[in-house]
Structure formats: C-alpha cells, structure tokens
file protein16.cif (mmCIF, C-alpha atoms)
data_entry
loop_
_atom_site.label_atom_id
_atom_site.label_comp_id
_atom_site.auth_asym_id
_atom_site.auth_seq_id
_atom_site.Cartn_x
_atom_site.Cartn_y
_atom_site.Cartn_z
CA MET A 27 56.64 77.35 85.19
CA LYS A 28 59.92 79.25 85.63
CA SER A 29 58.08 82.57 86.04
CA ILE A 30 55.83 81.06 88.73
CA THR A 31 58.88 79.73 90.56
CA ASN A 32 60.54 83.15 90.41
CA ILE A 33 57.40 84.80 91.80
CA ILE A 34 57.41 82.36 94.71
CA LYS A 35 61.10 83.07 95.33
CA PHE A 36 60.44 86.81 95.09
CA CYS A 37 57.71 86.65 97.73
CA PHE A 38 59.89 84.48 99.96
CA LEU A 39 62.74 86.99 99.73
CA LEU A 40 60.40 89.83 100.59
CA LEU A 41 59.24 87.93 103.66
CA LEU A 42 62.84 87.35 104.71
CA SER A 43 63.75 91.00 104.30
CA GLY A 44 60.69 92.27 106.14
CA SER A 45 59.26 93.99 103.08
CA ILE A 46 55.89 92.32 103.64
CA GLU A 47 54.33 92.90 107.05
CA ALA A 48 51.71 90.74 108.72
CA GLN A 49 48.09 91.68 108.06
CA VAL A 50 45.88 92.89 110.90
CA VAL A 51 42.30 91.69 110.62
CA GLY A 52 40.17 94.36 108.96
CA THR A 53 43.12 96.25 107.45
CA PRO A 54 44.70 96.05 104.00
CA TYR A 55 48.10 94.51 103.40
CA ILE A 56 50.96 96.90 104.11
CA VAL A 57 53.85 96.62 101.67
CA PRO A 58 56.53 99.14 102.63
CA ILE A 59 58.98 99.89 99.85
CA ASP A 60 62.52 101.08 100.51
CA ASN A 61 63.81 102.66 97.31
CA ARG A 62 67.11 103.82 98.78
CA PRO A 63 70.32 102.47 97.21
CA VAL A 64 71.60 99.30 98.82
CA LEU A 65 74.51 100.86 100.77
CA ASP A 66 72.11 103.27 102.45
CA GLN A 67 69.79 100.40 103.35
CA VAL A 68 72.56 98.26 104.86
CA GLY A 69 73.83 101.27 106.81
CA VAL A 70 77.43 100.06 107.19
CA THR A 71 80.31 101.65 105.29
CA PRO A 72 81.97 99.02 103.07
CA SER A 73 85.67 98.82 102.36
CA PHE A 74 84.78 99.30 98.71
CA ALA A 75 81.69 99.09 96.52
CA PHE A 76 81.83 98.71 92.73
CA SER A 77 78.85 98.48 90.42
CA THR A 78 77.32 99.55 87.14
CA ARG A 79 74.40 100.96 89.19
CA ARG A 80 74.43 103.72 91.83
CA LEU A 81 74.89 102.17 95.28
CA ARG A 82 74.76 105.25 97.52
CA ALA A 83 72.37 108.20 97.24
CA THR A 84 75.02 110.84 97.94
CA TYR A 85 77.59 109.37 95.56
CA ASN A 86 78.00 111.81 92.68
CA GLY A 87 81.15 110.49 91.05
CA PRO A 88 81.55 108.44 87.89
CA ALA A 89 80.90 104.72 87.66
CA MET A 90 84.02 103.78 85.73
CA ARG A 91 86.68 104.93 83.30
CA LEU A 92 86.82 103.35 79.86
CA ILE A 93 89.43 103.35 77.13
CA ARG A 94 88.61 103.17 73.41
CA THR A 95 91.18 101.03 71.62
CA THR A 96 90.83 102.78 68.24
CA ASP A 97 92.42 106.01 69.53
CA ASN A 98 93.38 105.29 73.18
CA SER A 99 91.09 108.06 74.40
CA GLN A 100 89.60 107.61 77.88
CA VAL A 101 86.32 108.78 79.38
CA ASP A 102 84.72 108.87 82.80
CA VAL A 103 81.22 107.38 82.64
CA ALA A 104 78.39 108.87 84.71
CA PHE A 105 75.23 107.11 85.82
CA ASP A 106 72.19 107.96 83.71
CA ALA A 107 68.93 109.45 84.99
CA ASN A 108 67.90 105.99 86.23
CA GLY A 109 71.07 105.50 88.24
CA VAL A 110 72.66 102.90 85.96
CA VAL A 111 75.32 102.82 83.28
CA SER A 112 73.60 102.83 79.89
CA GLY A 113 73.93 104.19 76.39
CA ASN A 114 72.37 107.40 77.77
CA SER A 115 75.15 107.88 80.32
CA ILE A 116 77.15 111.08 79.85
CA VAL A 117 80.85 110.46 79.31
CA THR A 118 83.56 113.08 79.84
CA LEU A 119 86.86 112.88 77.98
CA VAL A 120 89.78 112.73 80.41
CA VAL A 121 92.53 111.39 78.11
CA ALA A 122 92.54 112.57 74.50
CA GLY A 123 94.77 109.86 73.02
CA SER A 124 94.90 110.38 69.26
CA SER A 125 91.23 111.41 69.05
CA GLY A 126 91.94 115.10 68.51
CA VAL A 127 89.02 115.89 70.86
CA PRO A 128 89.59 118.44 73.66
CA ILE A 129 89.75 117.23 77.26
CA GLY A 130 86.45 117.83 79.05
CA THR A 131 84.30 117.20 75.96
CA THR A 132 81.10 115.33 76.83
CA ALA A 133 78.95 112.93 74.81
CA LEU A 134 76.55 110.03 75.23
CA LEU A 135 78.20 106.68 75.92
CA SER A 136 76.39 105.19 72.91
CA ALA A 137 77.96 107.85 70.68
CA TYR A 138 81.43 107.36 72.17
CA GLN A 139 81.17 103.63 71.55
CA ASN A 140 79.54 104.31 68.17
CA ASN A 141 76.73 101.82 68.82
CA SER A 142 79.06 98.96 69.81
CA LEU A 143 81.38 99.37 66.81
CA ASN A 144 84.27 100.30 69.12
CA THR A 145 85.69 97.97 71.75
CA LEU A 146 85.91 99.53 75.20
CA PHE A 147 88.01 98.31 78.11
CA VAL A 148 87.88 99.26 81.80
CA THR A 149 90.83 101.13 83.29
CA ILE A 150 89.18 102.24 86.57
CA TRP A 151 86.15 100.98 88.49
CA TYR A 152 85.30 103.77 90.92
CA ASP A 153 84.58 103.00 94.57
CA GLN A 154 81.15 104.25 95.65
CA SER A 155 81.92 103.96 99.35
CA SER A 156 83.32 106.99 101.17
CA ASN A 157 86.83 105.45 101.09
CA ASN A 158 87.63 106.05 97.41
CA PHE A 159 89.51 102.73 97.14
CA ARG A 160 89.11 102.45 93.39
CA ALA A 161 90.08 99.38 91.37
CA GLU A 162 92.51 100.01 88.49
CA GLN A 163 94.44 98.31 85.74
CA ILE A 164 97.34 100.15 84.11
CA THR A 165 98.51 97.24 81.95
CA GLN A 166 96.65 97.28 78.66
CA ALA A 167 96.62 93.51 78.12
CA ASN A 168 95.09 92.89 81.55
CA ARG A 169 92.17 95.32 81.26
CA PRO A 170 88.74 93.66 81.31
CA LEU A 171 86.15 94.32 78.61
CA PHE A 172 83.19 96.64 79.07
CA VAL A 173 79.83 95.21 77.97
CA LEU A 174 76.95 97.67 77.66
CA SER A 175 74.12 95.11 77.70
CA GLY A 176 75.20 91.95 79.47
CA ALA A 177 73.55 91.72 82.89
CA GLY A 178 70.04 91.63 84.33
CA SER A 179 67.03 89.49 83.49
CA THR A 180 66.93 90.84 79.92
CA ASN A 181 70.58 91.90 79.61
CA GLN A 182 69.46 95.46 80.25
CA PHE A 183 72.42 96.41 82.45
CA ALA A 184 76.12 96.91 81.87
CA CYS A 185 78.79 94.57 83.21
CA ILE A 186 82.52 93.93 83.13
CA ARG A 187 83.75 90.87 81.24
CA PHE A 188 86.84 88.98 82.34
CA THR A 189 88.65 86.52 80.10
CA GLY A 190 90.57 83.98 82.16
CA ALA A 191 93.49 83.28 79.85
CA SER A 192 94.16 87.02 79.53
CA GLN A 193 94.32 87.37 83.33
CA HIS A 194 92.02 90.38 83.26
CA THR A 195 92.17 92.01 86.68
CA LEU A 196 91.18 95.24 88.42
CA VAL A 197 93.34 95.91 91.48
CA VAL A 198 92.45 97.69 94.71
CA ASN A 199 95.83 98.90 95.93
CA GLN A 200 95.14 98.80 99.67
CA ASN A 201 96.54 96.78 102.52
CA LEU A 202 94.57 93.70 103.52
CA GLN A 203 94.55 94.95 107.10
CA THR A 204 92.65 98.01 105.86
CA LEU A 205 90.14 96.11 103.74
CA LEU A 206 89.42 93.33 106.27
CA THR A 207 89.30 93.41 110.07
CA ASN A 208 92.61 91.90 111.25
CA GLY A 209 93.25 91.16 107.59
CA ILE A 210 90.80 88.27 107.63
CA ILE A 211 87.30 89.16 108.89
CA GLY A 212 84.80 90.51 106.40
CA THR A 213 81.66 90.10 104.28
CA MET A 214 81.37 90.03 100.51
CA GLY A 215 78.40 90.31 98.15
CA MET A 216 79.10 89.75 94.46
CA ILE A 217 77.00 89.35 91.33
CA ALA A 218 78.73 87.09 88.81
CA ARG A 219 78.16 84.86 85.82
CA PRO A 220 80.90 82.26 85.40
CA THR A 221 81.17 81.14 81.79
CA ALA A 222 83.66 78.31 82.18
CA ASN A 223 84.99 75.74 84.62
CA SER A 224 88.74 76.20 84.44
CA VAL A 225 91.97 76.31 86.40
CA GLN A 226 91.47 79.88 87.54
CA ASN A 227 91.32 82.26 90.46
CA SER A 228 88.46 84.76 90.64
CA PHE A 229 89.32 87.45 93.17
CA GLY A 230 91.17 88.37 96.32
CA PHE A 231 94.68 88.03 97.72
CA MET A 232 97.23 85.21 98.04
CA ASN A 233 100.38 85.28 100.17
CA PRO A 234 103.33 85.51 97.74
CA THR A 235 105.49 83.08 99.70
CA ASN A 236 102.75 80.65 100.79
CA GLY A 237 99.84 80.47 98.36
CA ALA A 238 97.76 78.42 100.81
CA ILE A 239 97.35 81.53 102.94
CA ARG A 240 94.76 83.56 101.09
CA TRP A 241 91.46 85.44 101.05
CA SER A 242 90.14 84.39 97.67
CA ALA A 243 87.95 82.02 95.67
CA HIS A 244 87.77 79.93 92.51
CA VAL A 245 84.43 80.50 90.75
CA ASN A 246 84.55 77.88 89.24
CA TRP A 247 87.51 75.47 89.26
CA ALA A 248 87.96 72.89 86.49
CA ASP A 249 85.88 70.29 88.39
CA GLY A 250 82.88 72.63 88.58
CA ASN A 251 83.35 73.30 92.29
CA CYS A 252 83.51 76.76 93.81
CA TYR A 253 86.40 76.82 96.29
CA VAL A 254 86.30 79.57 98.91
CA ASP A 255 89.42 80.15 100.99
CA LEU A 256 88.86 82.94 103.48
CA GLY A 257 92.10 82.49 105.38
CA ASN A 258 93.62 79.13 104.51
CA ALA A 259 93.32 76.67 101.64
CA SER A 260 94.02 73.65 103.85
CA ASP A 261 90.45 73.47 105.11
CA GLN A 262 88.39 70.54 103.84
CA ASN A 263 85.13 72.47 104.29
CA ARG A 264 85.76 74.93 101.51
CA ALA A 265 83.98 73.75 98.36
CA PHE A 266 80.54 73.32 96.86
CA PHE A 267 79.48 72.25 93.39
CA ASN A 268 78.67 75.28 91.26
CA GLY A 269 78.97 73.83 87.77
CA GLY A 270 75.20 73.99 87.31
CA ASN A 271 75.43 77.79 87.43
CA ILE A 272 77.63 78.14 84.35
CA ASN A 273 76.35 80.98 82.16
CA MET A 274 73.92 82.02 84.90
CA TYR A 275 74.06 85.17 87.01
CA LYS A 276 73.99 84.42 90.74
CA GLN A 277 74.49 86.37 93.92
CA TYR A 278 77.50 85.12 95.91
CA PHE A 279 77.60 85.89 99.63
CA PHE A 280 80.76 84.97 101.54
CA GLN A 281 81.32 85.93 105.18
CA ARG A 282 84.22 85.23 107.51
CA THR A 283 84.17 85.77 111.27
CA ALA A 284 87.04 85.09 113.66
CA THR A 285 86.04 81.43 113.89
CA THR A 286 83.49 80.61 111.21
CA LYS A 287 82.55 81.21 107.60
CA THR A 288 79.26 81.34 105.71
CA LEU A 289 78.86 80.65 101.99
CA LYS A 290 75.59 81.29 100.12
CA VAL A 291 74.52 81.46 96.50
CA SER A 292 71.40 83.49 95.69
CA GLY A 293 70.11 83.06 99.22
CA VAL A 294 70.80 79.32 99.48
CA PHE A 295 73.14 78.20 102.28
CA LEU A 296 75.99 76.06 100.97
CA MET A 297 78.03 76.23 104.13
CA ASN A 298 77.45 77.77 107.53
CA ASN A 299 79.64 77.96 110.63
CA ALA A 300 82.06 75.46 109.14
CA SER A 301 85.31 74.80 110.98
CA GLN A 302 88.56 75.43 109.19
CA SER A 303 92.24 75.94 109.85
CA PHE A 304 92.15 79.58 110.89
CA ASN A 305 94.84 82.15 110.48
CA THR A 306 94.78 84.92 113.03
CA SER A 307 95.76 87.58 110.53
CA LEU A 308 96.72 88.07 106.89
CA THR A 309 99.18 90.74 105.82
CA GLY A 310 99.99 92.09 102.41
CA SER A 311 98.77 94.63 99.91
CA GLY A 312 96.32 94.46 97.04
CA PHE A 313 92.95 92.89 96.32
CA GLY A 314 92.16 91.72 92.81
CA ILE A 315 88.79 91.49 91.06
CA GLY A 316 88.90 89.02 88.21
CA MET A 317 91.99 87.36 89.64
CA SER A 318 93.69 87.16 93.02
CA ILE A 319 96.79 89.21 93.69
CA ASN A 320 99.88 86.95 93.45
CA SER A 321 97.96 84.13 91.75
CA THR A 322 99.64 82.33 88.85
CA SER A 323 96.42 80.71 87.59
CA HIS A 324 94.19 81.99 84.85
CA GLY A 325 91.78 84.67 85.90
CA PHE A 326 87.99 84.54 86.19
CA SER A 327 86.07 83.67 83.03
CA GLY A 328 82.77 85.51 83.05
CA ASP A 329 80.91 88.72 83.85
CA ILE A 330 80.72 90.80 87.03
CA PRO A 331 78.45 93.87 87.31
CA GLU A 332 78.76 94.37 91.09
CA PHE A 333 81.24 93.63 93.89
CA ILE A 334 80.94 94.90 97.48
CA LEU A 335 83.33 94.12 100.34
CA TYR A 336 82.83 94.97 104.02
CA ARG A 337 85.49 94.77 106.73
CA ASP A 338 82.70 93.95 109.16
CA VAL A 339 80.66 90.88 110.03
CA LEU A 340 77.21 92.02 108.94
CA SER A 341 74.33 91.16 111.21
CA LEU A 342 71.68 88.75 109.94
CA SER A 343 69.33 91.62 109.08
CA GLN A 344 72.07 93.64 107.37
CA ALA A 345 73.22 90.61 105.40
CA SER A 346 69.64 89.87 104.36
CA VAL A 347 69.21 93.41 103.05
CA LEU A 348 72.41 93.14 101.00
CA GLU A 349 71.56 89.71 99.59
CA ASN A 350 67.92 90.37 98.83
CA ASN A 351 68.59 93.74 97.21
CA GLN A 352 71.25 92.29 94.93
CA ILE A 353 69.14 89.24 94.06
CA LEU A 354 66.03 91.27 93.26
CA PHE A 355 67.77 94.05 91.31
CA TRP A 356 69.92 91.78 89.17
CA GLY A 357 67.33 88.99 88.87
CA THR A 358 69.74 86.34 90.17
CA PHE A 359 67.21 83.82 91.50
#
call {"tool": "encode", "arguments": {"input": "protein16.cif", "output": "structure tokens"}}
result
Amino acid sequence: MKSITNIIKFCFLLLLSGSIEAQVVGTPYIVPIDNRPVLDQVGVTPSFAFSTRRLRATYNGPAMRLIRTTDNSQVDVAFDANGVVSGNSIVTLVVAGSSGVPIGTTALLSAYQNNSLNTLFVTIWYDQSSNNFRAEQITQANRPLFVLSGAGSTNQFACIRFTGASQHTLVVNQNLQTLLTNGIIGTMGMIARPTANSVQNSFGFMNPTNGAIRWSAHVNWADGNCYVDLGNASDQNRAFFNGGNINMYKQYFFQRTATTKTLKVSGVFLMNNASQSFNTSLTGSGFGIGMSINSTSHGFSGDIPEFILYRDVLSLSQASVLENNQILFWGTF
C-alpha cells in the first residue's frame, strides 16, 4: 500500500513540476526528463549550497573535508562517478596528522575509513554555489559525524549526523546581510531526519542581545512542534506539529518575503502568507547548520544530507523545481 501511495505522490509531483505534459490526441505521451543538477534547473545562484550529491554541473570541487580521529589526518572527499559521496569517492590527504602518509596521497573513501572501522567527523562542508561560503567547524568537540550510508530510500547516500547535546554545528562565517536580502528575505530547502523532540535549535542565527530576533528554527522542539522564526519569535503563527516525522527524512521548505512566510514539509503547505511581527532587517554574522549561531540550547538531533539557502524569494515555478527535485532524489515523500 505504501509503494502505491508513493507512486501516486510521485506522479502528482511530476504534474506539479511540469515533467508530464498533456497528451495530444493521436500522439504518445511526452515525458521530458531534465537530468541537470538542481541548482542548474532552478537557475538562481544560492547564497550557499551544501550536499552529499553534486548540485551544479560545473562544480568540480570536493564535497567535504573529513577528519579521522585515530590519527587526526584530514582528507578532501570528491564526488564519485555518479555524482554522490560514496565508498568509491576519491579522497586526497590534506592534513597528515600522525598518519605518516604524505600530503596529496589519494585513496578510496572506503579504504580511508577502513570499511567503517574508523570514526570520521566533518570539518568543512564545501559550498557548491559560486560564492564559496563554506561551512566549517574548528572545535573538535563540536564537529558533526560523517555517516556513509544514512540517507535515501535504502540508506544508499551519505549524510551528516548531528548530536544535540554535543552542540554539533557547521558555521558559515558570513554576514546575514550577505546571505539574506536585507538580512531577512530568503528561501531555504533542507533535507533532514530529526531523531528526537528536544529543547534544541536546528540552524540559523539569533541576535546575541535579543534572542527573539532570529532567522532560525527548532526541528523539533520538546513538544513535537517545529517552530520557524524567520525574523521574530514573537509571532503566534510560527509552529506546526512535526512529531510524526521523527526518524523520517522530509524536505523542509521555508520562505520569507518582506511581509509573509511560507512553510512546507515534503510539498505539503503548513503555513502560507501568515502574518507575523516583522523586523525590517537583521544584522550580525554567522549562520549555523545543526545549531543557530548564539543559541544556548542543544543543537539539532538527527541527520542532514542537503541544505540550500537563497537570498531571493523564489518564484512558484523555481520553488517547485527545488522542492520536487529534493523530494524525488532523496525519497522524502
């Protein structure tokens, strides 16, 4: 029954995205397929774009940098021939640590990890946009865990695992005015699997002197609600119940205009054009993934394989391309 439901959802998403065209009498069905990476399909440059899959055709850099705790060596991880991070990805040694291996040495990721016997943590998640706004963590205790097979319909894709109590965070060290139009307007598409309802903060920025002024979210809070504060936490129209999605990958789409906000989960509207107490502009530096900058809560508990932020209000067609591509690729129905 679940497979039938997913097929129906799949066809519905294709209809929404224009991937199935109407049939003309006497002609076969036309099913155009756009195999370009999602950033090329959307056609708008994001502020940053992080993923364990290739998001832009002309991006030739690494996906991430990992550190091996047994010898503190670090490697840059390339996408494999299929454009994803896998055991077949080529890794290049960039920090020798105590490994005794020369810088520049290459190997398969599976060999570097020694078939999951070694624990790997993420030090850099490379930005696949043209901005090069990479997300980093220099503090060892706050580095999130790398999981080779933790995302996708059959756990076939890599992800990054955040443990809330450890306040795992990757930080984009850029001004909010650079990442968001006027420091407040923007669009976000994230793939995430929350694994706990807890007193935590999942991503974004909070004003250090007034925590109610923020561009951030709780996915999920202790009551099972997802709270989304794209400007100010005083708004009453800011929450929806998300406790039913514990241990499930979903696509989260949050968009803020000058006067409205839209919240969706795997294509389902939870809030649209809701009024709130608007701030005209947010100032400050830093955007956290796994935990908001300046938050004192626990961080996100769960897995994130992809996070894309635009400083633009995407059009309906652009937003549909982003959502549908993420939903279909990651199987987040």
call {"tool": "atom_distance", "arguments": {"input": "protein16.cif", "atom1": "atom CA of Ser341 of chain A", "atom2": "atom CA of Leu206 of chain A"}}
result
16.0 Å
call {"tool": "residues_around", "arguments": {"input": "protein16.cif", "residues": "segment 232-244 of chain A", "least_positions_apart": "3", "cutoff": "7 Å", "atoms": "only C-alpha atoms", "output": "VMD selection string"}}
result
chain A and resid 226 to 229 247 252 to 260 318 to 321
call {"tool": "resolve_selection", "arguments": {"input": "protein16.cif", "expression": "the PyMOL selection byres ((chain A and resi 80-96) around 9)", "output": "PyMOL selection string"}}
result
chain A and resi 62-66+75-79+97-105+108-111+117+120-121+124-125+138-139+144-156+172
call {"tool": "resolve_selection", "arguments": {"input": "protein16.cif", "expression": "the PyMOL selection byres ((chain A and resi 180) around 12)", "output": "PyMOL selection string"}}
result
chain A and resi 175-179+181-184+275+355-358
call {"tool": "residues_around", "arguments": {"input": "protein16.cif", "residues": "Phe326 of chain A", "least_positions_apart": "5", "cutoff": "9 Å", "atoms": "all atoms listed in the file", "output": "list in words"}}
result
Phe188, Thr189, Gly190, Ala191, Gln193, His194, Thr195, Pro220, Thr221, Ala222, Ser224, Gln226, Asn227, Ser228, Phe229, His244, Val245, Asn246, Ile315, Gly316 and Met317 of chain A
call {"tool": "atom_distance", "arguments": {"input": "protein16.cif", "atom1": "atom CA of Val198 of chain A", "atom2": "atom CA of Gly310 of chain A"}}
result
12.1 Å
call {"tool": "atom_distance", "arguments": {"input": "protein16.cif", "atom1": "atom CA of Pro170 of chain A", "atom2": "atom CA of Met274 of chain A"}}
result
19.2 Å
call {"tool": "residues_around", "arguments": {"input": "protein16.cif", "residues": "segment 333-337 of chain A", "least_positions_apart": "6", "cutoff": "6 Å", "atoms": "all atoms listed in the file", "output": "number ranges by chain"}}
result
A: 72-76, 205-207, 212-216
call {"tool": "residues_around", "arguments": {"input": "protein16.cif", "residues": "Val339 of chain A", "least_positions_apart": "6", "cutoff": "12 Å", "atoms": "all atoms listed in the file", "output": "mmCIF file with C-alpha atoms, in the frame of the given file"}}
result
data_model
loop_
_atom_site.group_PDB
_atom_site.id
_atom_site.type_symbol
_atom_site.label_atom_id
_atom_site.label_comp_id
_atom_site.auth_asym_id
_atom_site.auth_seq_id
_atom_site.Cartn_x
_atom_site.Cartn_y
_atom_site.Cartn_z
ATOM 1 C CA VAL A 70 77.430 100.060 107.190
ATOM 2 C CA THR A 71 80.310 101.650 105.290
ATOM 3 C CA PRO A 72 81.970 99.020 103.070
ATOM 4 C CA LEU A 206 89.420 93.330 106.270
ATOM 5 C CA THR A 207 89.300 93.410 110.070
ATOM 6 C CA ILE A 210 90.800 88.270 107.630
ATOM 7 C CA ILE A 211 87.300 89.160 108.890
ATOM 8 C CA GLY A 212 84.800 90.510 106.400
ATOM 9 C CA THR A 213 81.660 90.100 104.280
ATOM 10 C CA MET A 214 81.370 90.030 100.510
ATOM 11 C CA PHE A 279 77.600 85.890 99.630
ATOM 12 C CA PHE A 280 80.760 84.970 101.540
ATOM 13 C CA GLN A 281 81.320 85.930 105.180
ATOM 14 C CA ARG A 282 84.220 85.230 107.510
ATOM 15 C CA THR A 283 84.170 85.770 111.270
ATOM 16 C CA ALA A 284 87.040 85.090 113.660
ATOM 17 C CA THR A 285 86.040 81.430 113.890
ATOM 18 C CA THR A 286 83.490 80.610 111.210
ATOM 19 C CA LYS A 287 82.550 81.210 107.600
ATOM 20 C CA THR A 288 79.260 81.340 105.710
ATOM 21 C CA ALA A 345 73.220 90.610 105.400
#
call {"tool": "residues_near_point", "arguments": {"input": "protein16.cif", "point": "(75.8, 111.8, 71.6)", "cutoff": "12 Å", "atoms": "only C-alpha atoms", "output": "PyMOL selection string"}}
result
chain A and resi 113-118+131-141
call {"tool": "axis_aligned_box", "arguments": {"input": "protein16.cif", "around": "segment 336-352 of chain A", "padding_each_side": "4 Å", "output": "lines of an AutoDock Vina configuration file"}}
result
center_x = 76.7
center_y = 91.9
center_z = 103.1
size_x = 25.6
size_y = 14.2
size_z = 24.3
call {"tool": "closest_residue", "arguments": {"input": "protein16.cif", "among": "A:Leu174, A:Ser112, A:Asp249, A:Ala161", "to": "Leu143 of chain A", "atoms": "all atoms listed in the file"}}
result
A:Leu174
call {"tool": "build_atoms", "arguments": {"input": "protein16.cif", "residues": "segment 315-324 of chain A", "atoms": "all heavy atoms", "output": "PDB file, keeping the file's coordinate frame"}}
result
ATOM      1  N   ILE A 315      90.101  91.896  91.546  1.00  0.00           N
ATOM      2  CA  ILE A 315      88.790  91.490  91.060  1.00  0.00           C
ATOM      3  C   ILE A 315      88.976  90.961  89.650  1.00  0.00           C
ATOM      4  O   ILE A 315      89.458  91.672  88.768  1.00  0.00           O
ATOM      5  CB  ILE A 315      87.791  92.663  91.079  1.00  0.00           C
ATOM      6  CG1 ILE A 315      87.601  93.153  92.509  1.00  0.00           C
ATOM      7  CG2 ILE A 315      86.450  92.241  90.470  1.00  0.00           C
ATOM      8  CD1 ILE A 315      86.728  94.370  92.624  1.00  0.00           C
ATOM      9  N   GLY A 316      88.614  89.700  89.463  1.00  0.00           N
ATOM     10  CA  GLY A 316      88.900  89.020  88.210  1.00  0.00           C
ATOM     11  C   GLY A 316      90.046  88.045  88.332  1.00  0.00           C
ATOM     12  O   GLY A 316      90.161  87.103  87.556  1.00  0.00           O
ATOM     13  N   MET A 317      90.865  88.255  89.367  1.00  0.00           N
ATOM     14  CA  MET A 317      91.990  87.360  89.640  1.00  0.00           C
ATOM     15  C   MET A 317      92.635  87.788  90.942  1.00  0.00           C
ATOM     16  O   MET A 317      92.739  88.989  91.234  1.00  0.00           O
ATOM     17  CB  MET A 317      93.017  87.437  88.501  1.00  0.00           C
ATOM     18  CG  MET A 317      94.164  86.463  88.627  1.00  0.00           C
ATOM     19  SD  MET A 317      95.223  86.541  87.161  1.00  0.00           S
ATOM     20  CE  MET A 317      96.483  85.365  87.634  1.00  0.00           C
ATOM     21  N   SER A 318      93.058  86.830  91.761  1.00  0.00           N
ATOM     22  CA  SER A 318      93.690  87.160  93.020  1.00  0.00           C
ATOM     23  C   SER A 318      95.072  87.761  92.809  1.00  0.00           C
ATOM     24  O   SER A 318      95.806  87.355  91.893  1.00  0.00           O
ATOM     25  CB  SER A 318      93.829  85.919  93.911  1.00  0.00           C
ATOM     26  OG  SER A 318      92.586  85.528  94.423  1.00  0.00           O
ATOM     27  N   ILE A 319      95.427  88.693  93.673  1.00  0.00           N
ATOM     28  CA  ILE A 319      96.790  89.210  93.690  1.00  0.00           C
ATOM     29  C   ILE A 319      97.740  88.065  94.035  1.00  0.00           C
ATOM     30  O   ILE A 319      97.477  87.270  94.938  1.00  0.00           O
ATOM     31  CB  ILE A 319      96.921  90.336  94.736  1.00  0.00           C
ATOM     32  CG1 ILE A 319      96.000  91.500  94.385  1.00  0.00           C
ATOM     33  CG2 ILE A 319      98.371  90.820  94.826  1.00  0.00           C
ATOM     34  CD1 ILE A 319      96.283  92.148  93.057  1.00  0.00           C
ATOM     35  N   ASN A 320      98.828  87.957  93.286  1.00  0.00           N
ATOM     36  CA  ASN A 320      99.880  86.950  93.450  1.00  0.00           C
ATOM     37  C   ASN A 320      99.498  85.571  92.932  1.00  0.00           C
ATOM     38  O   ASN A 320     100.279  84.625  93.075  1.00  0.00           O
ATOM     39  CB  ASN A 320     100.329  86.827  94.919  1.00  0.00           C
ATOM     40  CG  ASN A 320     100.833  88.136  95.485  1.00  0.00           C
ATOM     41  OD1 ASN A 320     101.543  88.867  94.804  1.00  0.00           O
ATOM     42  ND2 ASN A 320     100.463  88.449  96.710  1.00  0.00           N
ATOM     43  N   SER A 321      98.327  85.420  92.324  1.00  0.00           N
ATOM     44  CA  SER A 321      97.960  84.130  91.750  1.00  0.00           C
ATOM     45  C   SER A 321      98.691  83.918  90.427  1.00  0.00           C
ATOM     46  O   SER A 321      98.936  84.861  89.677  1.00  0.00           O
ATOM     47  CB  SER A 321      96.455  84.060  91.510  1.00  0.00           C
ATOM     48  OG  SER A 321      96.113  82.883  90.800  1.00  0.00           O
ATOM     49  N   THR A 322      99.014  82.666  90.135  1.00  0.00           N
ATOM     50  CA  THR A 322      99.640  82.330  88.850  1.00  0.00           C
ATOM     51  C   THR A 322      98.673  81.576  87.948  1.00  0.00           C
ATOM     52  O   THR A 322      99.044  81.155  86.858  1.00  0.00           O
ATOM     53  CB  THR A 322     100.899  81.477  89.079  1.00  0.00           C
ATOM     54  OG1 THR A 322     100.543  80.300  89.794  1.00  0.00           O
ATOM     55  CG2 THR A 322     101.946  82.254  89.852  1.00  0.00           C
ATOM     56  N   SER A 323      97.427  81.392  88.404  1.00  0.00           N
ATOM     57  CA  SER A 323      96.420  80.710  87.590  1.00  0.00           C
ATOM     58  C   SER A 323      95.872  81.650  86.532  1.00  0.00           C
ATOM     59  O   SER A 323      96.223  82.828  86.467  1.00  0.00           O
ATOM     60  CB  SER A 323      95.273  80.223  88.480  1.00  0.00           C
ATOM     61  OG  SER A 323      95.717  79.377  89.492  1.00  0.00           O
ATOM     62  N   HIS A 324      94.988  81.124  85.695  1.00  0.00           N
ATOM     63  CA  HIS A 324      94.190  81.990  84.850  1.00  0.00           C
ATOM     64  C   HIS A 324      93.263  82.799  85.731  1.00  0.00           C
ATOM     65  O   HIS A 324      93.014  82.453  86.878  1.00  0.00           O
ATOM     66  CB  HIS A 324      93.367  81.170  83.857  1.00  0.00           C
ATOM     67  CG  HIS A 324      94.187  80.569  82.760  1.00  0.00           C
ATOM     68  ND1 HIS A 324      93.642  79.817  81.743  1.00  0.00           N
ATOM     69  CD2 HIS A 324      95.516  80.602  82.508  1.00  0.00           C
ATOM     70  CE1 HIS A 324      94.595  79.422  80.921  1.00  0.00           C
ATOM     71  NE2 HIS A 324      95.739  79.884  81.364  1.00  0.00           N
TER      72      HIS A 324
END
